[in-house]
Amino acid sequence: MKRLIDPNFEWLSFLAAMGLMSRLPIGAAEVGPQHRARSPIWYPAVGLVLGIFLAAFSLIFPQNWPSPVEAALLLILWVSFTGALHLDGLADAADAWVGGMGDRQRTLDIMKDPTCGPMAVVVLVLALLLKFVLIFSLVQSDGWPALLVIPFMARAWLLPILFSMPYARAGKFDPQTVQTSENQREQGGMASDIASGLSIRAAQISFGLTQLLAILLLSSYFFGSGLGLGFWIGSLIASFTLFVLLRWQFLSRAGGYTGDLLGASIELQELILLIISIGVIGSS
């Protein structure tokens with residue numbers, strides 16, 4: 001009887017996700033294009049690893065130290081874990097949305113440009129400033145459970161983007177095609193293997209399991225208070241609304257998603273989830 005799940009294949013796919021989405025010293029010589037194509041279903045798991053780091057750091061941080069110091073160090077840990085990969089995507093997307101002036105090809109070309117324009121700098125400064133203030137507010141409210149769940153909840157919303165729209169660089173990939181040439185992979189960037197072989201069913205299951213895990217973790221910590229359920233419902237509404245807006249913009253301006261747009265989506269989802277957490281947990 002053929003196994004429905006190959007543990008070794010899934011482990012290598014998880015390592016592929018960790019290798020892309022984090023700067024942890026994860027390496028596996030056996031990781032190949034087929035594992036990178038499968039890796040998106042493990043993106044929320046990468047976020048969970050990050051969340052564990054953040055929550056553990058907040059719990060062991062000396063209570064007599066100033067809260068701004070803790071918030072700053074948490075932000076540094078947050079950015080360092082990803083190597084600022086998603087912030088780079090946010091910066092490129094900001095430059096492209098302004099400099100593209102509504103033209104699809106110009107927008108895509110600007111996102112591939114390695115230089116950083118003034119709009120990118122402004123957006124990065126504002127995003128990091130807002131994130132610091134929100135983390136500071138959580139620290140003061142003893143909201144470490146939010147630090148645990150927000151990173152993997154934000155990364156889970158990449159999955160609806162991946163299975164509901166095409167890869168943006170037209171003529172290079174069909175998101176429903178399993179096989180692509182090596183030349184296509186080289187031209188397509190980091191999103192090429194994903195676009196070539198993501199299982200929509202697996203992505204949907206991964207997304208559903210992530211939401212279930214989030215509500216279980218939140219409810220177990222806030223048992224009896226209703227805050228866990230309130231946080232989850234609020235985050236689901238806010239994240240879904242943001243997803244709809246991003247999907248509309250990605251399709252209308254770029255024709256689909258790119259690696260930079262996926263990174264920008266993570267950063268924006270984290271911000272909106274932090275805002276919801278302050279509204280629910282911080283005000284309690």
# chains A, B, ... in the order shown; residues from 1 in each chain; ligands from 1
$ residues_around --residues "region 9-18 of chain A" --least-positions-apart "6" --cutoff "8 Å" --atoms "only C-alpha atoms" --output "number ranges by chain"
A: 24, 26-28, 30-31, 35-36, 38-40, 42-43, 45-46
$ residues_around --residues "Leu268 (chain A)" --least-positions-apart "2" --cutoff "12 Å" --atoms "only C-alpha atoms" --output "VMD selection string"
chain A and resid 86 to 87 89 to 91 93 to 94 123 to 124 126 to 128 130 to 131 150 to 151 153 to 155 157 to 158 238 to 239 241 to 243 245 to 246 261 to 266 270 to 275
$ write_last_selection --atoms "C-alpha atoms" --output "compact mmCIF listing (two decimals), in the first residue's frame"
# COMPACT_ATOMS: atom_id res chain seq x y z
CA HIS A 86 10.23 40.15 4.11
CA LEU A 87 11.15 43.75 4.81
CA GLY A 89 9.95 42.52 -0.20
CA LEU A 90 7.94 45.30 1.42
CA ALA A 91 10.51 47.87 0.32
CA ALA A 93 6.79 46.51 -3.40
CA ALA A 94 6.54 50.09 -2.11
CA VAL A 123 7.82 52.63 4.22
CA LEU A 124 10.51 50.62 6.03
CA LEU A 126 7.28 53.65 9.29
CA ALA A 127 6.72 49.87 9.36
CA LEU A 128 9.54 49.27 11.85
CA LEU A 130 4.89 50.94 14.13
CA LYS A 131 6.04 47.41 14.88
CA ILE A 150 1.21 36.13 15.20
CA PRO A 151 4.22 34.98 13.13
CA MET A 153 -0.83 33.20 11.56
CA ALA A 154 0.67 35.86 9.26
CA ARG A 155 2.56 33.28 7.20
CA TRP A 157 -2.16 33.88 4.79
CA LEU A 158 0.48 33.34 2.11
CA ALA A 238 -8.80 41.68 9.81
CA SER A 239 -6.47 39.26 8.02
CA THR A 241 -9.97 41.80 4.76
CA LEU A 242 -6.28 42.55 4.20
CA PHE A 243 -5.95 39.41 2.05
CA LEU A 245 -7.31 44.00 -0.59
CA LEU A 246 -3.85 42.60 -1.32
CA LEU A 261 4.79 40.65 -2.84
CA LEU A 262 4.69 37.55 -0.65
CA GLY A 263 7.24 39.16 1.67
CA ALA A 264 5.26 42.39 1.77
CA SER A 265 2.13 40.41 2.59
CA ILE A 266 3.80 38.82 5.61
CA GLU A 270 2.03 40.86 11.08
CA LEU A 271 1.27 44.54 11.57
CA ILE A 272 -2.49 44.10 11.32
CA LEU A 273 -2.37 41.15 13.73
CA LEU A 274 -0.30 43.15 16.20
CA ILE A 275 -2.88 45.94 16.03
$ closest_residue --among "A:Met165, A:Asp113, A:Pro44, A:Asp103" --to "Leu209 (chain A)" --atoms "only C-alpha atoms"
A:Pro44
$ residues_around --residues "Ser252 (chain A)" --least-positions-apart "4" --cutoff "10 Å" --atoms "only C-alpha atoms" --output "JSON, numbers by chain"
{"A": [102, 103, 104, 246, 247, 248, 256]}
$ atom_distance --atom1 "CA of Phe57 (chain A)" --atom2 "CA of Trp78 (chain A)"
10.8 Å
$ residues_around --residues "region 137-147 of chain A" --least-positions-apart "4" --cutoff "10 Å" --atoms "only C-alpha atoms" --output "PyMOL selection string"
chain A and resi 48+50-59+66-68+70-71+74+78+131-133+151-152+214+217-218+221-222+228+231+270+273-278+281-284
$ closest_residue --among "A:Val149, A:Leu85, A:Val79, A:Ile205" --to "Ile41 (chain A)" --atoms "only C-alpha atoms"
A:Ile205
$ atom_distance --atom1 "CA of Tyr257 (chain A)" --atom2 "CA of Leu20 (chain A)"
17.0 Å
$ closest_residue --among "A:Gly47, A:Gly255, A:Gly230, A:Gly32" --to "Ala156 (chain A)" --atoms "only C-alpha atoms"
A:Gly47
$ decode --residues "region 79-218 of chain A" --atoms "C-alpha atoms" --output "CSV table (one decimal), in the first residue's frame"
chain,number,residue,atom,x,y,z
A,79,VAL,CA,14.1,40.9,11.9
A,80,SER,CA,17.2,38.8,12.4
A,81,PHE,CA,15.3,35.6,12.2
A,82,THR,CA,14.3,36.3,8.6
A,83,GLY,CA,17.4,38.3,7.7
A,84,ALA,CA,15.0,41.1,6.8
A,85,LEU,CA,13.9,39.1,3.8
A,86,HIS,CA,10.2,40.1,4.1
A,87,LEU,CA,11.2,43.7,4.8
A,88,ASP,CA,13.1,43.7,1.6
A,89,GLY,CA,9.9,42.5,-0.2
A,90,LEU,CA,7.9,45.3,1.4
A,91,ALA,CA,10.5,47.9,0.3
A,92,ASP,CA,10.6,46.6,-3.3
A,93,ALA,CA,6.8,46.5,-3.4
A,94,ALA,CA,6.5,50.1,-2.1
A,95,ASP,CA,9.0,51.3,-4.7
A,96,ALA,CA,7.2,49.4,-7.5
A,97,TRP,CA,3.7,50.6,-6.5
A,98,VAL,CA,4.7,54.2,-6.6
A,99,GLY,CA,7.3,54.1,-9.4
A,100,GLY,CA,5.3,51.7,-11.6
A,101,MET,CA,2.6,54.4,-12.1
A,102,GLY,CA,0.0,51.8,-12.8
A,103,ASP,CA,1.9,50.0,-15.6
A,104,ARG,CA,2.2,46.3,-15.0
A,105,GLN,CA,5.5,45.6,-16.7
A,106,ARG,CA,7.1,48.7,-15.1
A,107,THR,CA,5.9,47.6,-11.7
A,108,LEU,CA,7.5,44.1,-12.2
A,109,ASP,CA,10.7,45.6,-13.5
A,110,ILE,CA,11.1,47.9,-10.5
A,111,MET,CA,10.6,45.0,-8.1
A,112,LYS,CA,13.6,43.3,-9.7
A,113,ASP,CA,15.8,46.4,-9.3
A,114,PRO,CA,18.2,45.9,-6.4
A,115,THR,CA,18.4,49.6,-5.6
A,116,CYS,CA,16.3,51.1,-2.9
A,117,GLY,CA,14.3,54.3,-3.6
A,118,PRO,CA,13.0,57.0,-1.2
A,119,MET,CA,9.5,55.4,-1.0
A,120,ALA,CA,11.1,52.1,0.2
A,121,VAL,CA,13.0,53.9,2.9
A,122,VAL,CA,10.0,55.8,4.1
A,123,VAL,CA,7.8,52.6,4.2
A,124,LEU,CA,10.5,50.6,6.0
A,125,VAL,CA,11.0,53.3,8.7
A,126,LEU,CA,7.3,53.7,9.3
A,127,ALA,CA,6.7,49.9,9.4
A,128,LEU,CA,9.5,49.3,11.9
A,129,LEU,CA,8.5,52.2,14.0
A,130,LEU,CA,4.9,50.9,14.1
A,131,LYS,CA,6.0,47.4,14.9
A,132,PHE,CA,8.2,48.6,17.7
A,133,VAL,CA,5.4,50.6,19.3
A,134,LEU,CA,3.0,47.7,19.0
A,135,ILE,CA,5.5,45.2,20.5
A,136,PHE,CA,6.2,47.7,23.3
A,137,SER,CA,2.5,47.9,24.1
A,138,LEU,CA,2.2,44.1,24.1
A,139,VAL,CA,5.2,43.8,26.5
A,140,GLN,CA,3.5,46.2,28.9
A,141,SER,CA,0.3,44.2,28.7
A,142,ASP,CA,2.1,40.8,29.3
A,143,GLY,CA,0.9,39.8,25.8
A,144,TRP,CA,3.5,37.2,25.1
A,145,PRO,CA,0.9,34.7,23.7
A,146,ALA,CA,0.4,37.1,20.8
A,147,LEU,CA,4.1,37.0,20.0
A,148,LEU,CA,3.7,33.2,19.9
A,149,VAL,CA,0.9,33.0,17.4
A,150,ILE,CA,1.2,36.1,15.2
A,151,PRO,CA,4.2,35.0,13.1
A,152,PHE,CA,2.6,31.7,12.0
A,153,MET,CA,-0.8,33.2,11.6
A,154,ALA,CA,0.7,35.9,9.3
A,155,ARG,CA,2.6,33.3,7.2
A,156,ALA,CA,-0.5,31.1,6.9
A,157,TRP,CA,-2.2,33.9,4.8
A,158,LEU,CA,0.5,33.3,2.1
A,159,LEU,CA,-1.3,30.1,1.2
A,160,PRO,CA,-4.6,31.6,0.0
A,161,ILE,CA,-2.5,34.0,-2.1
A,162,LEU,CA,-0.5,31.1,-3.6
A,163,PHE,CA,-3.5,29.0,-4.5
A,164,SER,CA,-5.9,31.7,-5.6
A,165,MET,CA,-3.8,33.7,-8.1
A,166,PRO,CA,-1.1,33.0,-10.7
A,167,TYR,CA,2.6,33.8,-10.6
A,168,ALA,CA,3.0,37.3,-11.9
A,169,ARG,CA,5.8,37.1,-14.4
A,170,ALA,CA,3.7,36.2,-17.4
A,171,GLY,CA,4.9,33.6,-19.9
A,172,LYS,CA,7.2,31.9,-17.4
A,173,PHE,CA,5.0,29.8,-15.2
A,174,ASP,CA,1.6,28.2,-15.0
A,175,PRO,CA,0.9,27.7,-11.3
A,176,GLN,CA,-1.0,24.4,-12.1
A,177,THR,CA,2.0,23.0,-14.0
A,178,VAL,CA,4.1,20.5,-12.1
A,179,GLN,CA,7.2,20.5,-14.3
A,180,THR,CA,9.2,23.5,-15.4
A,181,SER,CA,12.5,23.8,-17.1
A,182,GLU,CA,15.7,24.8,-15.4
A,183,ASN,CA,15.9,27.9,-17.6
A,184,GLN,CA,12.4,29.0,-16.4
A,185,ARG,CA,13.5,28.5,-12.8
A,186,GLU,CA,16.5,30.7,-13.2
A,187,GLN,CA,14.4,33.5,-14.7
A,188,GLY,CA,11.6,33.3,-12.2
A,189,GLY,CA,13.5,33.9,-8.9
A,190,MET,CA,12.8,32.2,-5.6
A,191,ALA,CA,9.1,31.9,-6.3
A,192,SER,CA,9.6,29.7,-9.4
A,193,ASP,CA,9.6,26.3,-7.7
A,194,ILE,CA,6.6,27.3,-5.7
A,195,ALA,CA,4.7,28.4,-8.7
A,196,SER,CA,5.5,25.2,-10.6
A,197,GLY,CA,4.2,22.6,-8.2
A,198,LEU,CA,2.2,23.8,-5.2
A,199,SER,CA,-0.6,21.4,-4.2
A,200,ILE,CA,-3.7,23.4,-3.7
A,201,ARG,CA,-5.3,20.7,-1.5
A,202,ALA,CA,-2.2,20.5,0.7
A,203,ALA,CA,-2.1,24.3,1.0
A,204,GLN,CA,-5.8,24.5,2.0
A,205,ILE,CA,-5.3,21.8,4.7
A,206,SER,CA,-2.2,23.6,6.0
A,207,PHE,CA,-4.1,26.8,6.2
A,208,GLY,CA,-7.0,25.2,8.1
A,209,LEU,CA,-4.7,23.4,10.5
A,210,THR,CA,-2.9,26.7,11.3
A,211,GLN,CA,-6.2,28.4,12.2
A,212,LEU,CA,-7.1,25.5,14.4
A,213,LEU,CA,-3.8,25.6,16.2
A,214,ALA,CA,-4.1,29.3,16.7
A,215,ILE,CA,-7.4,29.1,18.4
A,216,LEU,CA,-6.3,26.2,20.5
A,217,LEU,CA,-3.2,28.0,21.7
A,218,LEU,CA,-5.1,31.2,22.4
